[in-house]
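Q: Dropping in model-v5.cif, which is mmCIF, C-alpha atoms:
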data_coords
loop_
_atom_site.label_atom_id
_atom_site.label_comp_id
_atom_site.auth_asym_id
_atom_site.auth_seq_id
_atom_site.Cartn_x
_atom_site.Cartn_y
_atom_site.Cartn_z
CA ASP A 1 -16.41 -10.44 6.18
CA ALA A 2 -16.96 -7.65 3.64
CA GLY A 3 -13.39 -6.44 3.86
CA VAL A 4 -12.32 -2.88 4.51
CA ILE A 5 -15.12 -0.53 3.57
CA GLN A 6 -14.43 3.03 2.49
CA SER A 7 -16.83 5.79 1.66
CA PRO A 8 -17.40 7.64 -0.49
CA ARG A 9 -15.81 5.94 -3.52
CA HIS A 10 -15.56 9.22 -5.34
CA GLU A 11 -15.57 12.77 -4.05
CA VAL A 12 -15.42 15.97 -6.03
CA THR A 13 -15.21 19.15 -4.02
CA GLU A 14 -14.28 22.75 -4.46
CA MET A 15 -11.09 24.20 -3.12
CA GLY A 16 -11.51 25.41 0.44
CA GLN A 17 -14.24 22.96 1.34
CA GLU A 18 -13.97 20.39 4.10
CA VAL A 19 -13.70 16.77 3.03
CA THR A 20 -14.26 13.75 5.26
CA LEU A 21 -13.28 10.26 4.19
CA ARG A 22 -14.57 7.26 6.11
CA CYS A 23 -13.28 3.79 6.79
CA LYS A 24 -14.64 0.68 8.44
CA PRO A 25 -11.81 -1.80 9.09
CA ILE A 26 -12.13 -5.55 9.17
CA SER A 27 -13.57 -6.73 12.46
CA GLY A 28 -10.85 -7.92 14.83
CA HIS A 29 -8.04 -6.02 13.18
CA ASN A 30 -6.18 -3.81 15.63
CA SER A 31 -4.10 -1.77 13.19
CA LEU A 32 -5.44 0.80 10.76
CA PHE A 33 -3.61 2.78 8.14
CA TRP A 34 -4.45 5.68 5.88
CA TYR A 35 -2.47 5.86 2.63
CA ARG A 36 -2.48 8.36 -0.21
CA GLN A 37 -1.67 7.30 -3.76
CA THR A 38 -0.61 9.63 -6.55
CA MET A 39 1.26 9.09 -9.79
CA MET A 40 4.09 11.31 -8.62
CA ARG A 41 4.58 10.02 -5.09
CA GLY A 42 3.20 6.50 -5.17
CA LEU A 43 1.72 5.03 -1.98
CA GLU A 44 2.42 7.24 1.00
CA LEU A 45 1.55 6.30 4.58
CA LEU A 46 -0.28 9.20 6.18
CA ILE A 47 -1.12 7.85 9.62
CA TYR A 48 -1.10 4.57 11.52
CA PHE A 49 -3.38 3.62 14.40
CA ASN A 50 -2.91 0.69 16.74
CA ASN A 51 -5.76 -0.22 19.08
CA ASN A 52 -7.46 3.06 18.11
CA VAL A 53 -4.47 5.15 19.19
CA PRO A 54 -2.48 7.18 16.63
CA ILE A 55 1.04 5.77 16.71
CA ASP A 56 2.68 7.51 13.78
CA ASP A 57 1.29 10.56 12.02
CA SER A 58 4.58 11.71 10.53
CA GLY A 59 3.19 11.24 7.03
CA MET A 60 0.34 13.67 7.46
CA PRO A 61 1.31 16.43 5.02
CA GLU A 62 0.18 19.44 7.03
CA ASP A 63 -2.21 20.69 9.65
CA ARG A 64 -5.05 20.70 7.17
CA PHE A 65 -5.12 16.93 7.52
CA SER A 66 -6.49 15.21 10.60
CA ALA A 67 -7.53 11.63 11.37
CA LYS A 68 -9.53 10.07 14.13
CA MET A 69 -10.41 6.59 15.24
CA PRO A 70 -13.12 6.91 17.88
CA ASN A 71 -13.61 3.15 18.10
CA ALA A 72 -12.31 -0.11 16.66
CA SER A 73 -14.79 -0.12 13.79
CA PHE A 74 -14.55 3.40 12.40
CA SER A 75 -11.99 5.94 11.29
CA THR A 76 -12.11 9.25 9.48
CA LEU A 77 -9.61 11.31 7.54
CA LYS A 78 -10.52 14.97 7.28
CA ILE A 79 -9.03 17.65 5.07
CA GLN A 80 -9.93 21.23 5.93
CA PRO A 81 -9.56 23.33 3.87
CA SER A 82 -9.00 21.17 0.80
CA GLU A 83 -6.66 22.21 -2.01
CA PRO A 84 -6.26 20.98 -5.61
CA ARG A 85 -2.95 19.32 -4.70
CA ASP A 86 -4.84 17.05 -2.32
CA SER A 87 -6.38 15.31 -5.33
CA ALA A 88 -5.41 11.64 -5.04
CA VAL A 89 -6.75 8.22 -4.18
CA TYR A 90 -6.93 7.69 -0.44
CA PHE A 91 -6.77 4.14 0.86
CA CYS A 92 -7.61 2.77 4.25
CA ALA A 93 -6.08 -0.55 5.27
CA SER A 94 -6.36 -2.71 8.35
CA SER A 95 -4.30 -5.57 9.69
CA ALA A 96 -4.13 -8.03 12.54
CA VAL A 97 -0.74 -9.73 12.18
CA GLY A 98 1.41 -8.59 9.28
CA GLU A 99 -0.91 -8.74 6.29
CA ALA A 100 -2.65 -5.46 5.51
CA PHE A 101 -6.00 -5.53 3.72
CA PHE A 102 -6.86 -2.48 1.66
CA GLY A 103 -10.19 -0.93 0.91
CA GLN A 104 -11.25 0.09 -2.58
CA GLY A 105 -10.13 3.64 -1.98
CA THR A 106 -11.70 7.07 -2.27
CA ARG A 107 -10.82 9.05 -5.36
CA LEU A 108 -10.73 12.69 -4.29
CA THR A 109 -10.77 15.50 -6.80
CA VAL A 110 -10.44 19.05 -5.55
CA VAL A 111 -11.29 21.66 -8.19
CA GLN B 1 16.75 4.21 6.09
CA GLN B 2 13.02 3.67 5.90
CA GLN B 3 12.99 3.51 2.11
CA VAL B 4 12.29 0.52 -0.06
CA LYS B 5 13.69 0.93 -3.56
CA GLN B 6 11.90 -0.91 -6.37
CA SER B 7 12.87 -1.51 -9.99
CA PRO B 8 12.06 -1.46 -12.81
CA GLN B 9 9.39 1.22 -13.00
CA SER B 10 7.72 -0.61 -15.87
CA LEU B 11 8.08 -4.00 -17.49
CA ILE B 12 6.79 -5.56 -20.68
CA VAL B 13 6.85 -9.34 -20.99
CA GLN B 14 5.52 -11.73 -23.58
CA LYS B 15 2.91 -14.28 -22.55
CA GLY B 16 4.65 -17.30 -21.08
CA GLY B 17 7.74 -15.37 -20.13
CA ILE B 18 9.23 -14.67 -16.70
CA SER B 19 8.61 -11.33 -15.02
CA ILE B 20 11.19 -10.23 -12.46
CA ILE B 21 10.81 -7.25 -10.14
CA ASN B 22 13.48 -6.28 -7.64
CA CYS B 23 13.47 -4.44 -4.33
CA ALA B 24 16.16 -3.31 -1.91
CA TYR B 25 15.95 -2.05 1.64
CA GLU B 26 18.30 -0.58 4.23
CA ASN B 27 16.61 -1.02 7.58
CA THR B 28 17.76 -4.32 9.06
CA ALA B 29 14.85 -4.20 11.52
CA PHE B 30 12.44 -5.07 8.73
CA ASP B 31 11.16 -8.59 9.22
CA TYR B 32 8.20 -8.92 6.88
CA PHE B 33 8.36 -8.49 3.10
CA PRO B 34 5.07 -8.67 1.19
CA TRP B 35 4.28 -8.10 -2.44
CA TYR B 36 1.03 -6.44 -3.40
CA GLN B 37 -0.80 -6.51 -6.72
CA GLN B 38 -3.00 -3.63 -7.79
CA PHE B 39 -5.43 -3.51 -10.69
CA PRO B 40 -6.78 -0.19 -11.98
CA GLY B 41 -9.52 1.19 -9.75
CA LYS B 42 -8.82 -1.28 -6.99
CA GLY B 43 -6.87 -1.27 -3.77
CA PRO B 44 -3.61 -3.18 -3.46
CA ALA B 45 -4.09 -6.86 -2.59
CA LEU B 46 -1.57 -9.12 -0.93
CA LEU B 47 -0.01 -11.52 -3.41
CA ILE B 48 2.72 -13.29 -1.46
CA ALA B 49 4.93 -12.51 1.52
CA ILE B 50 8.14 -13.75 3.09
CA ARG B 51 9.95 -13.46 6.40
CA PRO B 52 13.77 -13.32 6.57
CA ASP B 53 14.19 -16.80 8.03
CA VAL B 54 13.74 -18.34 4.57
CA SER B 55 15.44 -17.53 1.26
CA GLU B 56 12.58 -18.43 -1.06
CA LYS B 57 8.83 -18.83 -1.00
CA LYS B 58 6.72 -20.13 -3.85
CA GLU B 59 2.99 -19.94 -4.36
CA GLY B 60 1.84 -21.20 -7.72
CA ARG B 61 3.49 -19.15 -10.44
CA PHE B 62 4.73 -16.53 -7.96
CA THR B 63 8.07 -16.83 -6.14
CA ILE B 64 9.83 -14.48 -3.75
CA SER B 65 13.60 -14.75 -3.54
CA PHE B 66 15.15 -13.17 -0.46
CA ASN B 67 18.81 -12.29 0.08
CA LYS B 68 19.25 -11.14 3.66
CA SER B 69 22.94 -10.28 3.39
CA ALA B 70 22.38 -8.12 0.32
CA LYS B 71 19.13 -6.69 1.76
CA GLN B 72 17.33 -7.46 -1.46
CA PHE B 73 14.26 -9.40 -2.44
CA SER B 74 12.57 -10.07 -5.74
CA LEU B 75 9.32 -11.31 -7.23
CA HIS B 76 9.39 -13.81 -10.06
CA ILE B 77 6.24 -14.49 -12.05
CA MET B 78 6.63 -17.64 -14.08
CA ASP B 79 4.59 -18.30 -17.23
CA SER B 80 3.33 -14.71 -17.16
CA GLN B 81 -0.24 -14.25 -18.40
CA PRO B 82 -2.09 -11.19 -19.74
CA GLY B 83 -4.24 -11.34 -16.59
CA ASP B 84 -1.09 -10.66 -14.55
CA SER B 85 -0.92 -7.18 -16.08
CA ALA B 86 -1.12 -4.89 -13.07
CA THR B 87 1.02 -2.71 -10.84
CA TYR B 88 3.14 -4.58 -8.31
CA PHE B 89 4.41 -3.11 -5.08
CA CYS B 90 7.00 -4.54 -2.77
CA ALA B 91 6.85 -3.53 0.87
CA ALA B 92 8.63 -4.04 4.15
CA SER B 93 7.73 -3.69 7.78
CA ASN B 94 9.01 -4.37 11.25
CA ARG B 95 7.15 -5.58 14.29
CA SER B 96 5.08 -2.40 14.34
CA TYR B 97 3.34 -3.60 11.17
CA LYS B 98 3.91 -0.22 9.53
CA LEU B 99 4.31 -1.06 5.85
CA ILE B 100 6.77 0.93 3.76
CA PHE B 101 6.01 0.54 0.06
CA GLY B 102 8.26 0.61 -2.95
CA SER B 103 7.42 2.91 -5.83
CA GLY B 104 5.65 0.24 -7.87
CA THR B 105 6.24 -1.60 -11.15
CA ARG B 106 3.71 -1.47 -13.92
CA LEU B 107 3.70 -4.88 -15.62
CA LEU B 108 2.24 -5.45 -19.07
CA VAL B 109 2.06 -8.99 -20.37
CA ARG B 110 1.53 -9.08 -24.11
CA PRO B 111 -0.61 -11.90 -25.57
#
Using structure tokens, write down the structure from this file.
A:
Amino acid sequence: DAGVIQSPRHEVTEMGQEVTLRCKPISGHNSLFWYRQTMMRGLELLIYFNNNVPIDDSGMPEDRFSAKMPNASFSTLKIQPSEPRDSAVYFCASSAVGEAFFGQGTRLTVV
Amino acid sequence: QQQVKQSPQSLIVQKGGISIINCAYENTAFDYFPWYQQFPGKGPALLIAIRPDVSEKKEGRFTISFNKSAKQFSLHIMDSQPGDSATYFCAASNRSYKLIFGSGTRLLVRP
């Protein structure tokens, strides 16, 4: 298996633009997580899906953020409109039983 | 109660020395305690994990010590090597598999 695949690896966008981050979890994993990593706040859980259903979105910072998981092999995290303070590395992770496998992350820069 | 507190924030160790990183938690429902290792530009990767039914787990040079009554667990890296230089995160989760991460420890092993 290729592991968790995220795209794009890097994204630079202007403030106010819509940004969509993509994730393909490991086949057979039924849990998917979106994390945000910054120097100031460390690794923050944004949203957690189980069997494609959002279970906990309490970490989503505000209504500008939304996440979907239309099927077991694909998830998106959308920011609309983006702001400079959204600049961070966004990780997707998937798990089956306990161990979470992380993707390489998407480095987002909003200018 | 969902927090996992990690210390120290940074650690410098000489090659061959022992690196020790500590974590504490409050939620007694946590039943899975992994440690993740992250290199620059990469996603966190599982290093070693423990469940509360054992007090210690060893894998090569890496050992987790777990104290259930004190609600603390620690990572020991024996014979630390320059290649171990990375950021280490402790984490905890309950049966929902929602990982709560500590703030991270940046380890530098000097040659």
Q: Centre and edge lengths, as lines of an AutoDock Vina configuration file, for the axis-aligned box enclosing every listed atom of region 28-42 of chain A with 8 Å of padding on each of the six sides, in Å to one decimal?
A:
center_x = -3.1
center_y = 1.7
center_z = 2.9
size_x = 31.4
size_y = 35.2
size_z = 41.4
Q: Which residues are close to Ala67 (chain A), i.e. within 8 Å by all atoms listed in the file, leaving aside same-chain residues fewer than 6 positions away? Reply as a PDB file with C-alpha atoms, keeping the file's coordinate frame.
A:
ATOM      1  CA  ILE A  47      -1.120   7.850   9.620  1.00  0.00           C
ATOM      2  CA  SER A  75     -11.990   5.940  11.290  1.00  0.00           C
ATOM      3  CA  THR A  76     -12.110   9.250   9.480  1.00  0.00           C
ATOM      4  CA  LEU A  77      -9.610  11.310   7.540  1.00  0.00           C
ATOM      5  CA  LYS A  78     -10.520  14.970   7.280  1.00  0.00           C
TER       6      LYS A  78
END
Q: Write out as a ChimeraX atom specification every residue belonging to chain B that has an atom at most 8 Å from any atom of chain A, counting all atoms listed in the file.
A: /B:32,34,41-46,97-104
Q: Going by the chain IDs and residue numbers used in this file, which residues fall under the PyMOL selection byres ((chain B and resi 105-107) around 9)? Write them as a list in words.
A: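 Going through the file, the PyMOL selection byres ((chain B and resi 105-107) around 9) ends up selecting Gln6, Ser7, Pro8, Gln9, Ser10, Leu11, Ile12, Val13, Ser19, Ile21, Asp84, Ser85, Ala86, Thr87, Tyr88, Phe89, Cys90, Gly102, Ser103, Gly104, Leu108 and Val109 of chain B.
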Q: For the selection you just gave me, I'd like the residues written to a file as an mmCIF file, keeping the file's coordinate frame, keeping C-alpha atoms.
A:
data_model
loop_
_atom_site.group_PDB
_atom_site.id
_atom_site.type_symbol
_atom_site.label_atom_id
_atom_site.label_comp_id
_atom_site.auth_asym_id
_atom_site.auth_seq_id
_atom_site.Cartn_x
_atom_site.Cartn_y
_atom_site.Cartn_z
ATOM 1 C CA GLN B 6 11.900 -0.910 -6.370
ATOM 2 C CA SER B 7 12.870 -1.510 -9.990
ATOM 3 C CA PRO B 8 12.060 -1.460 -12.810
ATOM 4 C CA GLN B 9 9.390 1.220 -13.000
ATOM 5 C CA SER B 10 7.720 -0.610 -15.870
ATOM 6 C CA LEU B 11 8.080 -4.000 -17.490
ATOM 7 C CA ILE B 12 6.790 -5.560 -20.680
ATOM 8 C CA VAL B 13 6.850 -9.340 -20.990
ATOM 9 C CA SER B 19 8.610 -11.330 -15.020
ATOM 10 C CA ILE B 21 10.810 -7.250 -10.140
ATOM 11 C CA ASP B 84 -1.090 -10.660 -14.550
ATOM 12 C CA SER B 85 -0.920 -7.180 -16.080
ATOM 13 C CA ALA B 86 -1.120 -4.890 -13.070
ATOM 14 C CA THR B 87 1.020 -2.710 -10.840
ATOM 15 C CA TYR B 88 3.140 -4.580 -8.310
ATOM 16 C CA PHE B 89 4.410 -3.110 -5.080
ATOM 17 C CA CYS B 90 7.000 -4.540 -2.770
ATOM 18 C CA GLY B 102 8.260 0.610 -2.950
ATOM 19 C CA SER B 103 7.420 2.910 -5.830
ATOM 20 C CA GLY B 104 5.650 0.240 -7.870
ATOM 21 C CA LEU B 108 2.240 -5.450 -19.070
ATOM 22 C CA VAL B 109 2.060 -8.990 -20.370
#
Q: In the coordinates of the file, take the point (14.7, -7.0, -0.1) and a cut-off of 8 Å; then, counting all atoms listed in the file, name each qualifying protein, DNA or RNA residue as a PyMOL selection string.
A: chain B and resi 4+22-25+33+66-68+70-74+92
Q: Rounded to one decimal in Å, what is the spacing between CA of Gln37 (chain B) and CA of Trp34 (chain A)?
A: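 Interatomic distance here is 17.9 Å.
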Q: Calculate how many Å separate CA of His76 (chain B) from CA of Asp53 (chain B), rounding to one decimal.
A: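 Between CA of His76 (chain B) and CA of Asp53 (chain B) the gap is 19.0 Å.
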Q: To one decimal place in Å, what is the distance between CA of Asn30 (chain A) and CA of Asn51 (chain A)?
A: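 About the pair CA of Asn30 (chain A) and CA of Asn51 (chain A): they are 5.0 Å apart.
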Q: Find the spatial neighbours of Gly17 (chain B), counting all atoms listed in the file, within a cut-off of 9 Å - ignore same-chain residues fewer than 4 positions away - and output them as a ChimeraX atom specification.
A: /B:13,77-81,109
Q: Hey, which of B:Ser65, B:Gln3, B:Asn94, B:Pro111 ends up closest to Asp31 (chain B)? Count only C-alpha atoms.
A: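 Looking only at the distances to Asp31 (chain B), the closest residue turns out to be B:Asn94.
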Q: Env of Ser7 (chain A): 7 Å cut, atoms = all atoms listed in the file, seq-sep filter 5 positions within chain, self excluded. Answer as a PyMOL selection string.
A: chain A and resi 21-23+106
Q: At a cut-off of 10 Å, using all atoms listed in the file, what residues contact Phe74 (chain A)? Leave out same-chain residues fewer than 4 positions from it and give the result as a list in words.
A: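 Here the answer would be Ile5, Gln6, Arg22, Cys23, Lys24, Pro25, Ile26, Leu32, Asn52, Lys68, Met69 and Pro70 of chain A.
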Q: Those same residues - C-alpha atoms - I'd like them written as a compact mmCIF listing (two decimals), in the coordinates of the input.
A:
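Result written to again_13.txt:
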# COMPACT_ATOMS: atom_id res chain seq x y z
CA ILE A 5 -15.12 -0.53 3.57
CA GLN A 6 -14.43 3.03 2.49
CA ARG A 22 -14.57 7.26 6.11
CA CYS A 23 -13.28 3.79 6.79
CA LYS A 24 -14.64 0.68 8.44
CA PRO A 25 -11.81 -1.80 9.09
CA ILE A 26 -12.13 -5.55 9.17
CA LEU A 32 -5.44 0.80 10.76
CA ASN A 52 -7.46 3.06 18.11
CA LYS A 68 -9.53 10.07 14.13
CA MET A 69 -10.41 6.59 15.24
CA PRO A 70 -13.12 6.91 17.88
Q: Let me know the residues the PyMOL selection byres ((chain A and resi 13) around 12) catches in the file above, as a VMD selection string.
A: chain A and resid 10 to 12 14 to 20 79 to 84 86 to 87 107 to 111
